[in-house]
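Trainee: File entry.txt below, compact mmCIF, C-alpha atoms:
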# COMPACT_ATOMS: atom_id res chain seq x y z
CA MET A 262 74.92 35.84 54.56
CA ASN A 263 77.22 32.83 54.37
CA LYS A 264 77.24 32.47 58.10
CA ILE A 265 73.51 32.48 58.32
CA ASN A 266 73.33 29.77 55.65
CA ALA A 267 75.82 27.60 57.48
CA LEU A 268 73.88 27.95 60.67
CA LYS A 269 70.67 27.09 58.94
CA ARG A 270 72.28 23.95 57.49
CA LEU A 271 73.58 22.89 60.88
CA TYR A 272 70.16 23.33 62.32
CA LEU A 273 68.58 21.38 59.51
CA ILE A 274 71.02 18.49 59.86
CA SER A 275 70.61 18.26 63.60
CA SER A 276 66.85 18.44 63.35
CA ILE A 277 66.89 15.38 61.09
CA SER A 278 69.63 13.37 62.72
CA ILE A 279 68.47 13.77 66.29
CA PRO A 280 65.06 12.16 65.78
CA LEU A 281 66.74 9.50 63.59
CA THR A 282 69.00 8.48 66.44
CA LEU A 283 66.02 8.47 68.73
CA VAL A 284 64.17 6.08 66.44
CA ALA A 285 67.17 3.80 66.17
CA CYS A 286 67.65 3.62 69.90
CA GLY A 287 64.02 3.43 70.86
CA SER A 288 62.69 1.06 68.16
CA ASN A 289 59.79 -0.99 69.44
CA PRO A 290 60.29 -4.71 70.13
CA PRO A 291 59.06 -6.56 66.97
CA THR A 292 56.84 -8.95 68.91
CA GLU A 293 54.14 -8.89 66.28
CA GLN A 294 56.55 -9.59 63.42
CA ILE A 295 57.95 -12.52 65.32
CA SER A 296 54.54 -14.00 65.98
CA VAL A 297 53.73 -13.57 62.28
CA ALA A 298 56.97 -15.41 61.46
CA GLU A 299 55.97 -18.21 63.81
CA HIS A 300 52.59 -18.38 62.16
CA LEU A 301 54.20 -18.58 58.70
CA ILE A 302 56.34 -21.53 59.75
CA ARG A 303 53.34 -23.33 61.17
CA GLU A 304 51.46 -22.73 57.93
CA SER A 305 54.34 -24.07 55.86
CA ASP A 306 54.07 -27.25 57.88
CA ILE A 307 50.44 -27.56 56.93
CA ASN A 308 51.23 -26.88 53.25
CA LYS A 309 53.87 -29.59 53.41
CA SER A 310 56.55 -27.21 52.19
CA THR A 311 58.90 -28.96 54.60
CA GLU A 312 58.63 -32.09 52.51
CA TYR A 313 59.86 -30.38 49.36
CA ALA A 314 62.05 -27.62 50.80
CA PRO A 315 63.50 -28.98 54.05
CA LEU A 316 66.63 -26.79 54.02
CA GLU A 317 64.75 -23.53 53.55
CA ILE A 318 62.38 -24.39 56.39
CA ARG A 319 65.28 -25.42 58.59
CA ILE A 320 66.95 -22.04 58.01
CA ALA A 321 63.66 -20.28 58.66
CA ARG A 322 63.39 -22.07 62.01
CA GLU A 323 66.93 -21.13 62.92
CA ASN A 324 66.27 -17.53 62.01
CA LEU A 325 63.13 -17.60 64.12
CA ASP A 326 65.04 -18.92 67.11
CA ALA A 327 67.69 -16.25 66.61
CA ALA A 328 64.98 -13.59 66.35
CA LYS A 329 63.48 -14.69 69.64
CA ALA A 330 66.90 -14.68 71.27
CA ALA A 331 67.63 -11.19 69.92
CA LEU A 332 64.28 -9.99 71.20
CA ALA A 333 64.97 -11.42 74.62
CA ALA A 334 68.35 -9.69 74.63
CA GLY A 335 66.73 -6.40 73.73
CA HIS A 336 68.32 -6.25 70.27
CA ASN A 337 65.17 -5.08 68.61
CA ASP A 338 66.64 -4.12 65.24
CA GLU A 339 68.37 -7.46 64.91
CA ALA A 340 65.20 -9.26 65.98
CA LYS A 341 63.23 -7.38 63.36
CA ARG A 342 65.71 -8.21 60.61
CA LEU A 343 65.63 -11.89 61.58
CA ALA A 344 61.84 -11.93 61.56
CA GLU A 345 61.96 -10.46 58.06
CA LYS A 346 64.37 -13.21 57.05
CA VAL A 347 61.97 -15.86 58.37
CA ALA A 348 59.15 -14.45 56.25
CA VAL A 349 61.22 -14.51 53.07
CA ASP A 350 62.65 -17.96 53.94
CA VAL A 351 59.17 -19.39 54.25
CA GLU A 352 58.08 -17.71 51.02
CA THR A 353 61.08 -19.25 49.27
CA ALA A 354 60.22 -22.68 50.67
CA GLY A 355 56.65 -22.32 49.44
CA ALA A 356 57.77 -21.29 45.95
CA LYS A 357 60.20 -24.18 45.84
CA ALA A 358 57.57 -26.66 47.02
CA ASP A 359 55.14 -25.42 44.37
CA SER A 360 57.75 -25.75 41.66
CA VAL A 361 58.60 -29.29 42.78
CA ARG A 362 54.92 -30.21 42.86
CA ALA A 363 54.42 -28.86 39.33
CA LYS A 364 57.47 -30.81 38.17
CA ASN A 365 56.13 -33.99 39.78
CA ALA A 366 52.79 -33.51 38.07
CA VAL A 367 54.57 -33.19 34.73
CA ASP A 368 56.61 -36.34 35.41
CA GLU A 369 53.45 -38.20 36.40
CA LEU A 370 51.68 -37.13 33.21
CA GLN A 371 54.63 -38.11 31.06
CA LYS A 372 54.64 -41.49 32.69
CA SER A 373 50.94 -42.06 32.08
CA ILE A 374 51.33 -40.91 28.47
CA ARG A 375 54.12 -43.41 27.99
CA THR A 376 51.96 -46.20 29.40
CA LEU A 377 49.02 -45.19 27.25
CA SER A 378 51.20 -45.06 24.14
CA GLN A 379 52.53 -48.53 24.86
CA GLU A 380 48.99 -49.77 25.32
CA ILE A 381 47.97 -48.34 21.99
CA ASP A 382 51.04 -49.77 20.29
CA SER A 383 50.31 -53.24 21.60
CA LYS A 384 46.76 -52.96 20.36
CA SER A 385 47.81 -52.26 16.80
CA ASN A 386 49.54 -55.62 16.77
CA PHE A 387 46.12 -57.19 16.53
CA MET B 151 103.60 32.29 37.01
CA ASN B 152 102.53 32.03 40.58
CA ASN B 153 99.03 31.62 39.38
CA ILE B 154 99.98 28.69 37.21
CA LYS B 155 101.77 27.00 40.11
CA LYS B 156 98.72 27.41 42.24
CA LYS B 157 96.55 25.89 39.57
CA ILE B 158 98.84 22.88 39.19
CA VAL B 159 98.86 22.30 42.92
CA SER B 160 95.10 22.50 43.11
CA ALA B 161 94.80 20.12 40.15
CA ILE B 162 97.04 17.61 41.87
CA THR B 163 95.03 17.91 45.05
CA LEU B 164 91.86 17.40 43.07
CA VAL B 165 93.15 14.29 41.33
CA SER B 166 94.50 12.77 44.50
CA SER B 167 91.31 13.44 46.37
CA TYR B 168 89.33 11.77 43.59
CA SER B 169 91.55 8.76 43.66
CA PHE B 170 91.03 8.61 47.38
CA LEU B 171 87.30 8.65 46.82
CA ALA B 172 87.65 5.94 44.21
CA GLY B 173 89.54 3.88 46.73
CA CYS B 174 86.60 4.15 49.03
CA ALA B 175 84.20 3.03 46.31
CA THR B 176 86.13 -0.17 45.67
CA SER B 177 85.42 -1.44 49.18
CA HIS B 178 82.70 -4.00 48.64
CA ASN B 179 80.05 -6.17 50.21
CA PRO B 180 80.22 -9.81 49.01
CA ALA B 181 76.61 -10.59 49.89
CA LEU B 182 75.40 -7.64 47.85
CA GLU B 183 77.62 -8.62 44.95
CA GLN B 184 76.28 -12.14 44.99
CA ALA B 185 72.72 -10.86 44.97
CA GLN B 186 73.59 -8.54 42.09
CA ALA B 187 75.10 -11.41 40.12
CA GLU B 188 72.13 -13.68 40.72
CA ILE B 189 69.60 -11.08 39.71
CA ALA B 190 71.65 -10.08 36.66
CA ASN B 191 71.65 -13.75 35.72
CA LEU B 192 67.86 -13.92 36.03
CA GLN B 193 67.47 -10.77 33.97
CA SER B 194 69.59 -12.19 31.17
CA ASN B 195 67.19 -15.13 30.85
CA PRO B 196 64.14 -14.14 28.80
CA GLU B 197 62.18 -17.15 30.12
CA ILE B 198 62.29 -15.63 33.59
CA ALA B 199 60.82 -12.32 32.50
CA THR B 200 58.05 -14.17 30.65
CA ASN B 201 57.22 -16.68 33.35
CA ALA B 202 57.80 -14.73 36.57
CA PRO B 203 57.54 -11.01 35.79
CA VAL B 204 56.17 -9.98 39.19
CA ALA B 205 58.68 -12.01 41.19
CA LEU B 206 61.50 -10.61 39.06
CA TYR B 207 60.24 -7.09 39.66
CA GLU B 208 60.15 -7.72 43.40
CA ALA B 209 63.67 -9.13 43.30
CA LYS B 210 64.98 -6.09 41.44
CA LYS B 211 63.24 -3.82 43.93
CA ALA B 212 64.83 -5.66 46.85
CA LEU B 213 68.22 -5.40 45.16
CA THR B 214 67.81 -1.66 44.57
CA LYS B 215 67.00 -1.24 48.24
CA ALA B 216 70.16 -3.08 49.24
CA GLU B 217 72.22 -1.07 46.75
CA SER B 218 70.82 2.23 48.00
CA ALA B 219 71.59 1.24 51.57
CA TRP B 220 75.12 0.40 50.52
CA ASP B 221 75.56 3.70 48.67
CA ALA B 222 74.15 5.65 51.57
CA THR B 223 75.72 3.98 54.58
CA GLU B 224 78.02 1.08 53.71
CA ASP B 225 76.58 -0.38 56.89
CA ASP B 226 77.43 -4.04 56.48
CA VAL B 227 74.84 -5.34 58.93
CA LYS B 228 72.02 -3.55 57.19
CA VAL B 229 73.30 -4.24 53.68
CA ASN B 230 73.93 -7.92 54.41
CA HIS B 231 70.37 -8.21 55.59
CA LEU B 232 68.92 -6.48 52.53
CA ALA B 233 71.18 -8.56 50.27
CA TYR B 234 69.86 -11.72 51.97
CA ILE B 235 66.31 -10.64 51.19
CA ALA B 236 67.27 -9.85 47.59
CA LYS B 237 68.93 -13.25 47.17
CA ARG B 238 65.86 -14.99 48.50
CA ARG B 239 63.74 -12.94 46.08
CA ALA B 240 66.00 -14.16 43.29
CA GLU B 241 65.40 -17.78 44.36
CA ILE B 242 61.66 -17.18 44.55
CA THR B 243 61.79 -15.76 41.02
CA GLN B 244 63.54 -18.84 39.70
CA TYR B 245 61.12 -21.21 41.45
CA THR B 246 58.11 -19.26 40.28
CA ALA B 247 59.33 -19.36 36.69
CA ASN B 248 59.99 -23.10 36.96
CA ARG B 249 56.58 -23.69 38.37
CA ASN B 250 54.82 -21.67 35.69
CA MET B 251 56.75 -23.37 32.93
CA ASN B 252 55.92 -26.76 34.38
CA GLU B 253 52.28 -25.85 34.71
CA ALA B 254 52.20 -24.76 31.08
CA GLN B 255 53.78 -28.06 30.09
CA GLN B 256 51.28 -29.85 32.30
CA LYS B 257 48.45 -28.30 30.32
CA ALA B 258 49.98 -29.36 27.03
CA LEU B 259 50.58 -32.89 28.30
CA GLU B 260 47.04 -33.09 29.62
CA GLU B 261 45.76 -32.36 26.11
CA GLN B 262 48.15 -34.88 24.63
CA ARG B 263 46.93 -37.52 27.04
CA GLN B 264 43.30 -36.79 26.23
CA GLN B 265 44.06 -37.14 22.53
CA LEU B 266 45.81 -40.42 23.18
CA ALA B 267 42.92 -41.71 25.27
CA LEU B 268 40.60 -40.82 22.41
CA ASN B 269 42.84 -42.62 19.93
CA SER B 270 42.90 -45.60 22.21
CA LYS B 271 39.13 -45.67 22.36
CA THR B 272 38.83 -45.36 18.61
CA LYS B 273 41.24 -48.23 18.26
CA ASP B 274 39.17 -50.28 20.71
CA ILE B 275 36.05 -49.69 18.66
CA LYS B 276 37.87 -50.59 15.45
CA GLN B 277 39.22 -53.68 17.10
CA ALA B 278 35.76 -54.72 18.23
CA GLN B 279 34.48 -54.16 14.71
CA ASN B 280 37.36 -56.20 13.35
CA LYS B 281 36.59 -58.98 15.76
CA VAL B 282 32.98 -59.05 14.59
CA LYS B 283 34.14 -59.18 11.03
CA MET B 284 36.66 -61.89 11.82
CA LEU B 285 34.01 -64.02 13.47
CA GLU B 286 31.66 -63.60 10.58
CA ASP B 287 34.44 -64.31 8.10
CA GLU B 288 35.26 -67.52 9.94
CA LEU B 289 31.61 -68.57 10.07
CA MET B 290 31.20 -67.78 6.40
CA LYS B 291 34.03 -70.21 5.68
CA MET B 292 32.06 -73.10 7.17
CA LYS B 293 30.58 -74.07 3.83
CA GLU B 294 29.13 -77.37 5.12
CA LEU B 295 26.79 -75.30 7.26
CA LYS B 296 25.65 -73.15 4.34
CA PRO B 297 26.36 -69.84 6.10
CA GLU B 298 24.16 -66.99 5.07
CA LYS B 299 23.96 -63.41 6.21
CA THR B 300 20.36 -62.40 6.76
CA GLU B 301 18.46 -59.66 8.55
CA ARG B 302 18.05 -61.99 11.51
CA GLY B 303 21.78 -62.56 11.82
CA LEU B 304 24.23 -65.05 10.45
CA VAL B 305 22.33 -68.26 9.75
CA LEU B 306 24.04 -71.65 9.74
CA THR B 307 22.08 -74.70 8.69
CA LEU B 308 22.65 -78.18 10.04
CA GLY B 309 21.14 -80.41 7.41
CA ASP B 310 19.33 -83.68 7.85
CA VAL B 311 22.48 -85.68 7.10
CA LEU B 312 24.01 -84.38 10.31
CA PHE B 313 21.41 -86.24 12.35
CA ALA B 314 20.74 -89.92 12.67
CA THR B 315 17.67 -90.79 10.62
CA GLY B 316 14.51 -89.84 12.45
CA LYS B 317 16.46 -89.17 15.60
CA ALA B 318 17.91 -86.23 17.45
CA GLN B 319 21.48 -87.52 17.80
CA LEU B 320 24.21 -85.58 16.05
CA THR B 321 26.52 -87.48 13.75
CA ALA B 322 30.30 -87.32 14.14
CA GLY B 323 30.52 -84.95 11.14
CA ALA B 324 28.07 -82.57 12.79
CA SER B 325 30.06 -82.62 15.99
CA ASN B 326 33.23 -81.58 14.17
CA ASN B 327 31.58 -78.60 12.54
CA LEU B 328 29.81 -77.59 15.70
CA PHE B 329 32.97 -77.85 17.76
CA LYS B 330 34.68 -75.32 15.49
CA LEU B 331 31.65 -73.12 15.94
CA THR B 332 31.81 -73.23 19.73
CA THR B 333 35.37 -71.89 19.61
CA PHE B 334 34.20 -68.75 17.80
CA LEU B 335 31.15 -68.38 20.00
CA ASN B 336 33.28 -68.61 23.12
CA GLU B 337 35.56 -65.90 21.80
CA ASN B 338 32.62 -63.62 21.07
CA THR B 339 30.56 -63.77 24.21
CA ASP B 340 28.53 -60.71 23.21
CA ARG B 341 26.64 -62.62 20.53
CA ASN B 342 23.46 -64.49 21.41
CA ILE B 343 22.37 -67.61 19.58
CA LEU B 344 18.99 -68.74 18.43
CA ILE B 345 18.52 -72.41 17.54
CA GLU B 346 15.49 -73.41 15.53
CA GLY B 347 14.51 -76.96 14.66
CA HIS B 348 12.46 -77.67 11.48
CA THR B 349 11.04 -80.84 9.83
CA ASP B 350 9.29 -81.87 6.63
CA SER B 351 5.54 -82.49 6.54
CA VAL B 352 5.72 -86.27 6.74
CA GLY B 353 4.05 -87.63 9.86
CA SER B 354 1.84 -85.91 12.38
CA GLU B 355 2.28 -82.24 13.13
CA ASP B 356 2.66 -82.98 16.79
CA MET B 357 5.40 -85.52 16.25
CA ASN B 358 7.24 -83.15 13.90
CA LEU B 359 7.05 -80.37 16.45
CA ARG B 360 8.57 -82.61 19.09
CA LEU B 361 11.28 -83.94 16.75
CA SER B 362 12.25 -80.39 15.69
CA LEU B 363 12.53 -79.31 19.29
CA ARG B 364 14.54 -82.38 20.24
CA ARG B 365 16.98 -81.78 17.41
CA ALA B 366 17.32 -78.11 18.32
CA ASP B 367 17.87 -79.16 21.93
CA ALA B 368 20.58 -81.58 20.86
CA VAL B 369 22.46 -78.70 19.25
CA THR B 370 21.96 -76.49 22.29
CA GLY B 371 23.21 -79.29 24.53
CA PHE B 372 26.30 -79.70 22.43
CA LEU B 373 27.13 -76.00 22.55
CA ALA B 374 26.51 -75.86 26.28
CA ARG B 375 28.71 -78.89 26.91
CA ASN B 376 31.45 -77.12 25.01
CA GLY B 377 31.40 -73.99 27.10
CA VAL B 378 28.77 -71.76 25.50
CA ASP B 379 26.67 -70.15 28.23
CA ARG B 380 23.10 -71.49 28.08
CA LEU B 381 21.81 -68.01 28.84
CA ARG B 382 23.03 -66.93 25.42
CA ILE B 383 21.05 -69.66 23.68
CA THR B 384 17.36 -69.73 22.84
CA THR B 385 15.95 -72.99 21.54
CA LYS B 386 12.79 -73.32 19.41
CA GLY B 387 11.06 -76.18 17.62
CA TYR B 388 8.79 -75.20 14.69
CA GLY B 389 8.00 -78.59 13.18
CA GLU B 390 6.82 -78.30 9.58
CA LEU B 391 5.75 -74.64 9.82
CA TYR B 392 8.64 -73.07 7.91
CA PRO B 393 9.73 -75.16 4.97
CA VAL B 394 12.56 -73.92 2.76
CA ALA B 395 11.72 -76.23 -0.12
CA SER B 396 8.81 -78.24 -1.48
CA ASN B 397 7.64 -81.22 0.59
CA ASP B 398 6.49 -82.94 -2.62
CA ASN B 399 9.81 -84.60 -3.43
CA ALA B 400 12.57 -86.30 -1.47
CA THR B 401 15.21 -83.61 -2.13
CA GLY B 402 12.91 -80.87 -0.94
CA ARG B 403 11.88 -82.81 2.15
CA GLN B 404 15.50 -83.44 3.02
CA LEU B 405 16.19 -79.72 2.82
CA ASN B 406 13.27 -79.01 5.10
CA ARG B 407 14.56 -81.36 7.77
CA ARG B 408 17.15 -79.07 9.36
CA VAL B 409 18.29 -77.13 12.40
CA GLU B 410 19.07 -73.46 11.85
CA LEU B 411 21.62 -71.87 14.13
CA ILE B 412 21.39 -68.10 14.03
CA VAL B 413 24.29 -66.06 15.43
CA LEU B 414 22.51 -62.83 16.29
CA ASP B 415 23.98 -59.39 15.68
CA GLN B 416 25.72 -57.76 18.60
CA GLY B 417 23.25 -56.69 21.30
CA LYS B 418 20.30 -58.59 19.78
CA THR B 419 18.23 -61.19 21.62
CA ALA B 420 16.06 -64.00 20.25
CA ASN B 421 12.99 -61.84 20.79
CA ASP B 422 14.28 -59.27 18.32
CA VAL B 423 14.33 -61.80 15.48
CA ARG B 424 11.40 -64.02 16.41
CA ARG B 425 9.52 -65.58 13.50
Just give me the structure of the file as structure tokens.
Mentor:
Amino acid sequence: MNKINALKRLYLISSISIPLTLVACGSNPPTEQISVAEHLIRESDINKSTEYAPLEIRIARENLDAAKAALAAGHNDEAKRLAEKVAVDVETAGAKADSVRAKNAVDELQKSIRTLSQEIDSKSNF
Amino acid sequence: MNNIKKKIVSAITLVSSYSFLAGCATSHNPALEQAQAEIANLQSNPEIATNAPVALYEAKKALTKAESAWDATEDDVKVNHLAYIAKRRAEITQYTANRNMNEAQQKALEEQRQQLALNSKTKDIKQAQNKVKMLEDELMKMKELKPEKTERGLVLTLGDVLFATGKAQLTAGASNNLFKLTTFLNENTDRNILIEGHTDSVGSEDMNLRLSLRRADAVTGFLARNGVDRLRITTKGYGELYPVASNDNATGRQLNRRVELIVLDQGKTANDVRR
């Protein structure tokens, strides 16, 4: 009884781990993910994220270059991870740029309110 | 006895094996710990949960994924990667919250500015009204010109004594009064002026008509020379048509010989108040 159970377990483990190893070894080259990452960086240029989040975009570019290098070297898992990093880098840059833009709009409004208030104050001196 | 010994030994083995396991668990991944700290920090800030709930949820999910990978494999390469993603998600959460807070403030400021603009406009209108009142107050002070508020506008009368007898030339006294007037008119360029000449009934109608027009023209000329735009001024001569007193005695006739200068209400033209 015990022996049969042990055998069954061994079989079960091997049946899972063998295909897992196969997947790890034979993972497909993430060409599509890398081209998506490239596209994201191009888009961030258009959205002017670079202006407000230059460091994040710089890192994204470096990660993209590393991803391409890893792909060329056949390190598909590494290439895939780097492409994922690029995507999240660009998203961070976009979020940062949006927050800076919103802050600038607030500053601009505050400035115009100050001017307007001064105008009104000078009027009451009449 | 033997049994007890055995139990003690097995207990010791158990404890030592646990402590060995615990030793394993204290090995750590700095990247993961940093991500954990950052996300814990975000979670402790109620503003984040209010202003970036979805981003915070995504960050927590990314962190859980990294933690599970750590618990399952302790594979540094994989865990470092997932921790990187989680840290980025934490940054995105912070930026998103900042942005939403700023946008909310933007809305409030926008309303404030609109209110201010409205106040400013109201003040402008009040100021304009004040200016009108100031002008009229000043004109009303010019007693020599017998200022009078009428339906046609503010009427000032240049009496006969302000002209050379039977002529259209203004005396020095008239010039002084009129000069003061031009200052106010130049400061209130939105007011048009109607100048009407009148005479008594002595002499021919035709001559009176011409004299009244000449006297009115003299006033117009004076105003124009002192900077009042001619386009604002309408000049009329009515002769003896509109007496203000009896022509039967000298006092009445003197009153009838006059030039009326009417400062029209804002936006009115001479046509609106034509006799």
Trainee: Tell me which of B:Ser218, B:Pro297, B:Thr246, B:Thr223 sits closest to Ala358 (chain A), counting all atoms listed in the file.
Mentor: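 Answer, going by the shortest atom-to-atom distance: B:Thr246.
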Trainee: Counting all atoms listed in the file, which residues of chain A fall within 9 Å of chain B, and what is the closest atom pair for each with its distance in Å at one decimal, ordered by chain and rising number, as CSV?
Mentor:
residue,atom,partner,partner_atom,distance
A:Arg342,CA,B:His231,CA,6.8
A:Leu343,CA,B:His231,CA,8.5
A:Glu345,CA,B:Ile235,CA,8.1
A:Lys346,CA,B:Ile235,CA,6.7
A:Val349,CA,B:Arg238,CA,6.5
A:Asp350,CA,B:Arg238,CA,7.0
A:Glu352,CA,B:Ile242,CA,7.4
A:Thr353,CA,B:Ile242,CA,5.2
A:Ala354,CA,B:Ile242,CA,8.4
A:Gly355,CA,B:Ile242,CA,8.7
A:Ala356,CA,B:Tyr245,CA,5.6
A:Lys357,CA,B:Tyr245,CA,5.4
A:Ala358,CA,B:Tyr245,CA,8.6
A:Asp359,CA,B:Arg249,CA,6.4
A:Ser360,CA,B:Arg249,CA,4.1
A:Val361,CA,B:Arg249,CA,7.4
A:Arg362,CA,B:Arg249,CA,8.1
A:Ala363,CA,B:Asn252,CA,5.6
A:Lys364,CA,B:Asn252,CA,5.8
A:Ala366,CA,B:Gln256,CA,7.0
A:Val367,CA,B:Gln256,CA,5.3
A:Asp368,CA,B:Gln256,CA,9.0
A:Leu370,CA,B:Leu259,CA,6.6
A:Gln371,CA,B:Leu259,CA,7.2
A:Ser373,CA,B:Arg263,CA,7.9
A:Ile374,CA,B:Arg263,CA,5.7
A:Leu377,CA,B:Leu266,CA,7.0
A:Ser378,CA,B:Leu266,CA,7.2
A:Glu380,CA,B:Ser270,CA,8.0
A:Ile381,CA,B:Ser270,CA,5.8
A:Lys384,CA,B:Lys273,CA,7.6
A:Ser385,CA,B:Lys273,CA,7.8
A:Phe387,CA,B:Gln277,CA,7.8
Trainee: One decimal, Å: what's the distance from CA of Arg322 (chain A) over to CA of Ile302 (chain A), could you say?
Mentor: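 CA of Ile302 (chain A) lies at a distance of 7.4 Å from CA of Arg322 (chain A).
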Trainee: Find the residues around Ala340 (chain A) up to 6 Å (all atoms listed in the file counted), leave out those fewer than 4 positions away in its own chain, and share them as a PyMOL selection string.
Mentor: chain A and resi 328+331-332
Trainee: What is the CA of Ile318 (chain A)-CA of Gln193 (chain B) distance in Å, reported with one decimal?
Mentor: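 Interatomic distance here is 26.7 Å.
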Trainee: Please indicate the distance in Å from CA of Leu304 (chain B) to CA of Val413 (chain B), rounded to one decimal place.
Mentor: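 Going from CA of Leu304 (chain B) over to CA of Val413 (chain B) covers 5.1 Å.
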Trainee: I'd like to know which of B:Ser351, B:Asn358, B:Thr315, B:Thr385 is closest to Gly402 (chain B), using only C-alpha atoms.
Mentor: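 Residue with the minimum atom-to-atom distance to Gly402 (chain B): B:Ser351.
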Trainee: Identify, on the basis of only C-alpha atoms, every residue whose closest approach to Lys283 (chain B) does not exceed 12 Å; exclude the query and any residue fewer than 6 positions from it along the same chain; express the result as a VMD selection string.
Mentor: chain B and resid 276 to 277 289 to 290 304 334 338 415 to 416
Trainee: Taking C-alpha atoms for each residue, export the selection above as a CSV table (one decimal), in the coordinates of the input.
Mentor:
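The resulting result.csv:
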chain,number,residue,atom,x,y,z
B,276,LYS,CA,37.9,-50.6,15.4
B,277,GLN,CA,39.2,-53.7,17.1
B,289,LEU,CA,31.6,-68.6,10.1
B,290,MET,CA,31.2,-67.8,6.4
B,304,LEU,CA,24.2,-65.0,10.4
B,334,PHE,CA,34.2,-68.8,17.8
B,338,ASN,CA,32.6,-63.6,21.1
B,415,ASP,CA,24.0,-59.4,15.7
B,416,GLN,CA,25.7,-57.8,18.6
Trainee: Taking only C-alpha atoms into account, name the residue in B:Leu182, B:Leu306, B:Ala322, B:Phe372 that is nearest to Lys293 (chain B).
Mentor: B:Leu306
Trainee: Quick one: of A:Ile320, A:Val351, A:Glu293, A:Glu339, who's nearest to Asp306 (chain A), counting all atoms listed in the file?
Mentor: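 Smallest distance to Asp306 (chain A) is found for A:Val351.
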Trainee: Restricting the calculation to only C-alpha atoms: of A:Asp338, A:Glu304, A:Glu312, A:Ala298, which residue gets closest to Leu325 (chain A)?
Mentor: A:Ala298
Trainee: Please work out which residues fall within 6 Å of (9.4, -83.0, 4.3), coordinates as given in the file, with all atoms listed in the file counting, and return them as a PyMOL selection string.
Mentor: chain B and resi 350-352+397+403+406
Trainee: Contacts of Thr384 (chain B) at 7 Å or less, counting all atoms listed in the file, minus same-chain residues fewer than 2 places along, as a list in words?
Mentor: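 Residues meeting the cut-off are Ile343, Leu344, Ile345, Arg382, Lys386 and Ala420 of chain B.
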Trainee: For those residues, write C-alpha atoms to a file as a short mmCIF file (atom, residue, chain, number, x, y, z; two decimals), in the frame of the given file.
Mentor:
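The result, written out as out.cif:
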data_model
loop_
_atom_site.label_atom_id
_atom_site.label_comp_id
_atom_site.auth_asym_id
_atom_site.auth_seq_id
_atom_site.Cartn_x
_atom_site.Cartn_y
_atom_site.Cartn_z
CA ILE B 343 22.37 -67.61 19.58
CA LEU B 344 18.99 -68.74 18.43
CA ILE B 345 18.52 -72.41 17.54
CA ARG B 382 23.03 -66.93 25.42
CA LYS B 386 12.79 -73.32 19.41
CA ALA B 420 16.06 -64.00 20.25
#
